[in-house]
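File shown: structure-v6.txt. Contents: compact mmCIF, C-alpha atoms.
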```txt
# COMPACT_ATOMS: atom_id res chain seq x y z
CA MET A 1 -6.95 -27.17 0.85
CA ASN A 2 -9.44 -29.14 -1.27
CA ALA A 3 -12.22 -28.09 1.10
CA LEU A 4 -11.25 -24.46 0.62
CA PHE A 5 -11.33 -24.79 -3.16
CA GLU A 6 -14.71 -26.49 -2.97
CA ALA A 7 -16.08 -23.70 -0.76
CA VAL A 8 -14.83 -21.05 -3.18
CA ALA A 9 -16.32 -22.95 -6.11
CA ASN A 10 -19.69 -23.18 -4.33
CA VAL A 11 -19.70 -19.46 -3.56
CA ALA A 12 -18.81 -18.65 -7.17
CA GLU A 13 -21.57 -20.94 -8.44
CA LEU A 14 -24.18 -19.39 -6.17
CA GLY A 15 -23.13 -15.78 -6.77
CA GLY A 16 -22.70 -16.03 -10.52
CA PRO A 17 -20.51 -13.82 -12.72
CA VAL A 18 -20.34 -10.95 -10.20
CA VAL A 19 -18.80 -13.18 -7.54
CA MET A 20 -16.37 -14.57 -10.12
CA VAL A 21 -15.24 -11.03 -10.90
CA LEU A 22 -14.89 -10.27 -7.19
CA LEU A 23 -12.81 -13.41 -6.65
CA ALA A 24 -10.57 -12.41 -9.55
CA MET A 25 -10.19 -8.94 -7.99
CA SER A 26 -9.26 -10.53 -4.68
CA LEU A 27 -6.51 -12.56 -6.36
CA VAL A 28 -5.15 -9.44 -8.05
CA ALA A 29 -5.22 -7.57 -4.73
CA LEU A 30 -3.47 -10.43 -2.93
CA ALA A 31 -0.74 -10.65 -5.57
CA LEU A 32 -0.19 -6.89 -5.40
CA ILE A 33 -0.04 -6.91 -1.60
CA LEU A 34 2.56 -9.69 -1.57
CA ALA A 35 4.62 -7.91 -4.24
CA LYS A 36 4.56 -4.64 -2.29
CA ILE A 37 5.54 -6.35 0.96
CA TRP A 38 8.50 -7.96 -0.82
CA GLN A 39 9.46 -4.59 -2.31
CA PHE A 40 9.29 -2.88 1.08
CA LEU A 41 11.46 -5.57 2.65
CA ARG A 42 13.97 -5.47 -0.21
CA LEU A 43 14.27 -1.67 -0.05
CA GLY A 44 14.64 -1.61 3.72
CA VAL A 45 11.54 0.46 4.37
CA GLY A 46 11.41 1.48 8.03
CA ARG A 47 15.00 0.40 8.74
CA HIS A 48 16.29 3.80 9.79
CA GLY A 49 18.73 2.87 12.54
CA ALA A 50 21.89 3.53 10.51
CA LEU A 51 20.40 6.71 9.05
CA ASP A 52 19.55 7.99 12.52
CA ARG A 53 23.16 7.40 13.59
CA ALA A 54 24.43 9.10 10.44
CA LEU A 55 22.34 12.21 11.05
CA THR A 56 23.31 12.33 14.71
CA ALA A 57 26.98 12.11 13.77
CA TRP A 58 26.55 14.83 11.12
CA ASP A 59 24.85 17.09 13.67
CA ARG A 60 27.82 16.86 16.01
CA GLY A 61 30.32 17.44 13.22
CA ALA A 62 31.56 13.87 12.72
CA ALA A 63 31.34 13.96 8.93
CA THR A 64 33.39 10.80 8.31
CA GLU A 65 31.34 8.72 10.71
CA ALA A 66 28.14 10.11 9.21
CA ARG A 67 29.17 9.06 5.70
CA GLN A 68 30.17 5.59 6.90
CA GLN A 69 26.82 5.08 8.57
CA ALA A 70 24.99 6.32 5.47
CA LYS A 71 26.92 3.89 3.26
CA ALA A 72 26.07 1.00 5.59
CA ALA A 73 22.36 1.84 5.81
CA PRO A 74 20.08 -0.91 4.42
CA SER A 75 17.38 1.68 3.66
CA HIS A 76 16.63 2.86 0.13
CA LEU A 77 17.14 6.38 1.50
CA GLY A 78 20.80 5.63 2.20
CA PRO A 79 22.03 6.89 -1.21
CA VAL A 80 19.98 10.06 -0.80
CA THR A 81 21.54 10.60 2.62
CA LEU A 82 25.04 10.11 1.27
CA LEU A 83 24.35 12.47 -1.63
CA ALA A 84 22.98 15.10 0.76
CA LEU A 85 25.95 14.85 3.10
CA ASP A 86 28.49 15.02 0.28
CA ALA A 87 26.79 17.96 -1.41
CA ALA A 88 26.30 19.88 1.82
CA GLY A 89 29.85 19.16 2.92
CA ASP A 90 31.63 20.66 -0.09
CA GLY A 91 29.80 24.00 0.29
CA GLN A 92 29.77 24.64 -3.46
CA HIS A 93 26.03 24.50 -4.05
CA ASP A 94 23.27 27.02 -3.59
CA GLU A 95 21.11 25.84 -0.68
CA ALA A 96 17.78 26.37 -2.43
CA ALA A 97 18.91 24.54 -5.55
CA LEU A 98 20.44 21.74 -3.51
CA ARG A 99 17.29 21.34 -1.44
CA ALA A 100 15.19 21.16 -4.61
CA ARG A 101 17.48 18.53 -6.13
CA LEU A 102 17.52 16.40 -2.99
CA THR A 103 13.76 16.69 -2.61
CA GLY A 104 13.37 15.46 -6.17
CA GLU A 105 15.67 12.49 -5.54
CA ALA A 106 13.73 11.53 -2.41
CA ALA A 107 10.39 11.97 -4.19
CA ALA A 108 11.49 9.62 -6.97
CA ARG A 109 12.27 6.91 -4.43
CA LEU A 110 8.98 7.44 -2.61
CA ALA A 111 7.14 7.20 -5.92
CA ARG A 112 8.54 3.69 -6.36
CA LEU A 113 6.96 2.74 -3.05
CA SER A 114 3.60 4.16 -4.09
CA ALA A 115 3.54 2.38 -7.46
CA GLY A 116 0.59 0.01 -7.72
CA LEU A 117 -1.25 1.29 -4.66
CA ARG A 118 -3.84 3.07 -6.79
CA LEU A 119 -4.89 -0.32 -8.13
CA LEU A 120 -5.30 -1.58 -4.57
CA ASP A 121 -7.32 1.54 -3.75
CA SER A 122 -9.51 0.89 -6.78
CA VAL A 123 -10.19 -2.66 -5.61
CA ALA A 124 -11.13 -1.39 -2.14
CA GLN A 125 -13.56 1.14 -3.63
CA VAL A 126 -15.07 -0.88 -6.47
CA ALA A 127 -15.50 -4.25 -4.71
CA PRO A 128 -18.39 -3.21 -2.40
CA LEU A 129 -20.12 -1.37 -5.24
CA LEU A 130 -19.81 -4.42 -7.47
CA GLY A 131 -21.17 -6.59 -4.67
CA LEU A 132 -24.13 -4.25 -4.24
CA PHE A 133 -24.70 -4.34 -8.00
CA GLY A 134 -24.82 -8.13 -7.88
CA THR A 135 -27.29 -7.99 -5.00
CA VAL A 136 -29.57 -5.62 -6.91
CA LEU A 137 -29.51 -7.92 -9.92
CA GLY A 138 -30.28 -10.91 -7.70
CA MET A 139 -33.16 -9.12 -6.00
CA ILE A 140 -34.61 -8.18 -9.38
CA GLU A 141 -34.43 -11.82 -10.44
CA ALA A 142 -36.01 -12.99 -7.16
CA PHE A 143 -38.95 -10.61 -7.46
CA GLN A 144 -39.43 -11.49 -11.10
CA GLY A 145 -39.80 -15.09 -9.97
CA LEU A 146 -42.25 -13.93 -7.30
CA GLN A 147 -44.34 -12.13 -9.94
CA SER A 148 -44.29 -15.15 -12.25
CA ALA A 149 -45.43 -17.48 -9.48
CA GLY A 150 -48.56 -15.42 -8.90
CA ALA A 151 -50.65 -16.78 -6.04
CA ALA A 152 -48.60 -20.00 -5.78
CA VAL A 153 -45.65 -18.37 -4.05
CA ASP A 154 -43.13 -20.59 -2.29
CA PRO A 155 -41.71 -18.51 0.61
CA SER A 156 -38.67 -20.78 0.94
CA ALA A 157 -37.76 -20.28 -2.72
CA LEU A 158 -38.10 -16.53 -2.34
CA ALA A 159 -35.94 -16.52 0.79
CA GLY A 160 -33.34 -18.65 -0.99
CA GLY A 161 -33.20 -16.23 -3.89
CA ILE A 162 -32.78 -13.27 -1.55
CA TRP A 163 -29.90 -14.73 0.47
CA VAL A 164 -28.11 -15.75 -2.71
CA ALA A 165 -28.50 -12.16 -3.91
CA LEU A 166 -27.09 -10.81 -0.66
CA LEU A 167 -24.10 -13.14 -1.02
CA THR A 168 -22.51 -10.83 -3.58
CA THR A 169 -22.57 -7.89 -1.15
CA ALA A 170 -20.92 -10.04 1.51
CA VAL A 171 -18.20 -11.13 -0.91
CA GLY A 172 -17.65 -7.54 -2.05
CA LEU A 173 -17.18 -6.36 1.54
CA ALA A 174 -14.92 -9.32 2.30
CA VAL A 175 -12.66 -8.25 -0.57
CA ALA A 176 -12.80 -4.50 0.15
CA MET A 177 -12.18 -4.42 3.91
CA PRO A 178 -8.79 -6.21 3.99
CA ALA A 179 -7.68 -4.23 0.94
CA SER A 180 -8.56 -0.96 2.70
CA LEU A 181 -6.72 -1.93 5.87
CA VAL A 182 -3.58 -3.02 4.03
CA LEU A 183 -3.67 0.13 1.90
CA ALA A 184 -3.83 2.27 5.05
CA TRP A 185 -0.80 0.39 6.41
CA PHE A 186 1.16 0.95 3.20
CA ASP A 187 0.26 4.64 3.22
CA ALA A 188 1.42 4.99 6.82
CA ARG A 189 4.77 3.38 6.03
CA ILE A 190 5.28 5.64 3.02
CA ALA A 191 4.40 8.69 5.13
CA ARG A 192 7.12 7.69 7.60
CA GLU A 193 9.61 7.38 4.75
CA ALA A 194 8.61 10.85 3.50
CA ALA A 195 9.13 12.31 6.98
CA MET A 196 12.53 10.62 7.18
CA SER A 197 13.57 12.01 3.79
CA GLU A 198 12.66 15.53 4.94
CA ARG A 199 14.68 15.04 8.11
CA ILE A 200 17.66 13.86 6.08
CA ILE A 201 17.58 16.95 3.89
CA ASP A 202 17.03 19.36 6.76
CA THR A 203 19.83 17.86 8.86
CA ALA A 204 22.29 17.78 5.97
CA LEU A 205 21.70 21.44 5.09
CA CYS A 206 21.35 22.75 8.67
CA ALA A 207 23.91 20.73 10.59
CA GLY A 208 24.17 21.49 14.29
CA LEU A 209 20.70 22.90 14.82
CA GLY A 210 19.43 19.63 16.23
CA HIS A 211 22.47 19.00 18.41
CA GLY A 212 21.82 20.06 21.98
```

As structure tokens, how would this structure be written, given the file I've shared?
Amino acid sequence: MNALFEAVANVAELGGPVVMVLLAMSLVALALILAKIWQFLRLGVGRHGALDRALTAWDRGAATEARQQAKAAPSHLGPVTLLALDAAGDGQHDEAALRARLTGEAAARLARLSAGLRLLDSVAQVAPLLGLFGTVLGMIEAFQGLQSAGAAVDPSALAGGIWVALLTTAVGLAVAMPASLVLAWFDARIAREAAMSERIIDTALCAGLGHG
């Protein structure tokens, strides 16, 4: 662990303020990723087994079983499912109005899943640009040194200045690439939840159509 801290400190010292900013961004991104993973686990994202059984039971007319399965569902869409089944079962609501209300309830829950992801997207987009900015600044500094040296140019010093400048681009990409991959994974999970919410609403309002 001490070796890791020393390596990070060396990179920060070589890269200067830009690398320090990038390291701070990486810590923010990591904290956000861990928080979102905990939120997804706590809300039962992707745990649709009980909801699938509830919708299957509703399709074949087993309303009591469907409600029991919806109540037992660990997913955050369980309350929406129960609300949809209860509202569709009493037959006292206009279908268009009921669909709009249920869609709004599902959208509110999906919005909770999306909260904070724009910050992660910003990190993924800004980090490589910030790294490139640091590289440009470093290259400017290296060539200023080359101009000042005149005829007495030390090629090793110039090469050292250039690789230090390129370090910021490498750090920026190292921060951006994992953030982009994790963001894509979060987006895919949320898309699955959106598809499930649509299925819940459609099945509740059109019971029997999916039952062969």

Give me, as JSON lines, each residue of stretch 76-151 of chain A that comes within 10 Å of stretch 51-55 of chain A, together with its shortest interatomic pair and the distance in Å at one decimal, counting all atoms listed in the file, with rows ordered by chain and rising residue number.
```
{"residue": "A:Leu77", "atom": "CA", "partner": "A:Leu51", "partner_atom": "CA", "distance": 8.2}
{"residue": "A:Gly78", "atom": "CA", "partner": "A:Leu51", "partner_atom": "CA", "distance": 6.9}
{"residue": "A:Thr81", "atom": "CA", "partner": "A:Leu51", "partner_atom": "CA", "distance": 7.6}
{"residue": "A:Leu82", "atom": "CA", "partner": "A:Ala54", "partner_atom": "CA", "distance": 9.2}
{"residue": "A:Leu85", "atom": "CA", "partner": "A:Leu55", "partner_atom": "CA", "distance": 9.1}
```

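Distance-wise, atom CA of A:Met196 and atom CA of A:Leu183 end up 20.0 Å apart.
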
Quick one: everything within 10 Å of A:Leu130, counting all atoms listed in the file, minus sequence neighbours fewer than 2 positions away in the same chain. Send it as an MDAnalysis selection string.
chainID A and resid 18:19 21:22 123 125:128 132:136 168:169 171:173

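You will find atom CA of A:Val80 at 29.7 Å from atom CA of A:Ala31.
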
Taking only C-alpha atoms into account, which of A:Leu205, A:Ala73, A:Leu30, A:Leu137 comes nearest A:Trp58?
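Residue with the minimum atom-to-atom distance to A:Trp58: A:Leu205.
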
Point-to-point distance in Å for atom CA of A:Leu113 and atom CA of A:Gly89:
28.8 Å

List the residues sitting within 6 Å of (12.4, 6.1, 7.6) in the file's frame, using all atoms listed in the file, as a PDB file with C-alpha atoms, keeping the file's coordinate frame.
```
ATOM      1  CA  GLY A  46      11.410   1.480   8.030  1.00  0.00           C
ATOM      2  CA  HIS A  48      16.290   3.800   9.790  1.00  0.00           C
ATOM      3  CA  ARG A 192       7.120   7.690   7.600  1.00  0.00           C
ATOM      4  CA  GLU A 193       9.610   7.380   4.750  1.00  0.00           C
ATOM      5  CA  MET A 196      12.530  10.620   7.180  1.00  0.00           C
TER       6      MET A 196
END
```

Shortest interatomic distance to A:Ala29 - which of A:Asp202, A:Gly131, A:Leu120, A:Val164, counting all atoms listed in the file
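So, comparing all the options, the nearest one is A:Leu120.
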
With all atoms listed in the file as the counted atoms, please give the residues lying no more than 12 Å from A:Leu110, apart from itself and same-chain residues fewer than 4 positions off, as an MDAnalysis selection string.
chainID A and resid 40 43 45 75:77 80 103:106 114:115 186:187 189:198

Between A:Leu23, A:Asp121, A:Arg67, A:Ala87, which residue has the minimum interatomic distance to A:Ala174, considering all atoms listed in the file?
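Using all atoms listed in the file, the shortest distance to A:Ala174 belongs to A:Leu23.
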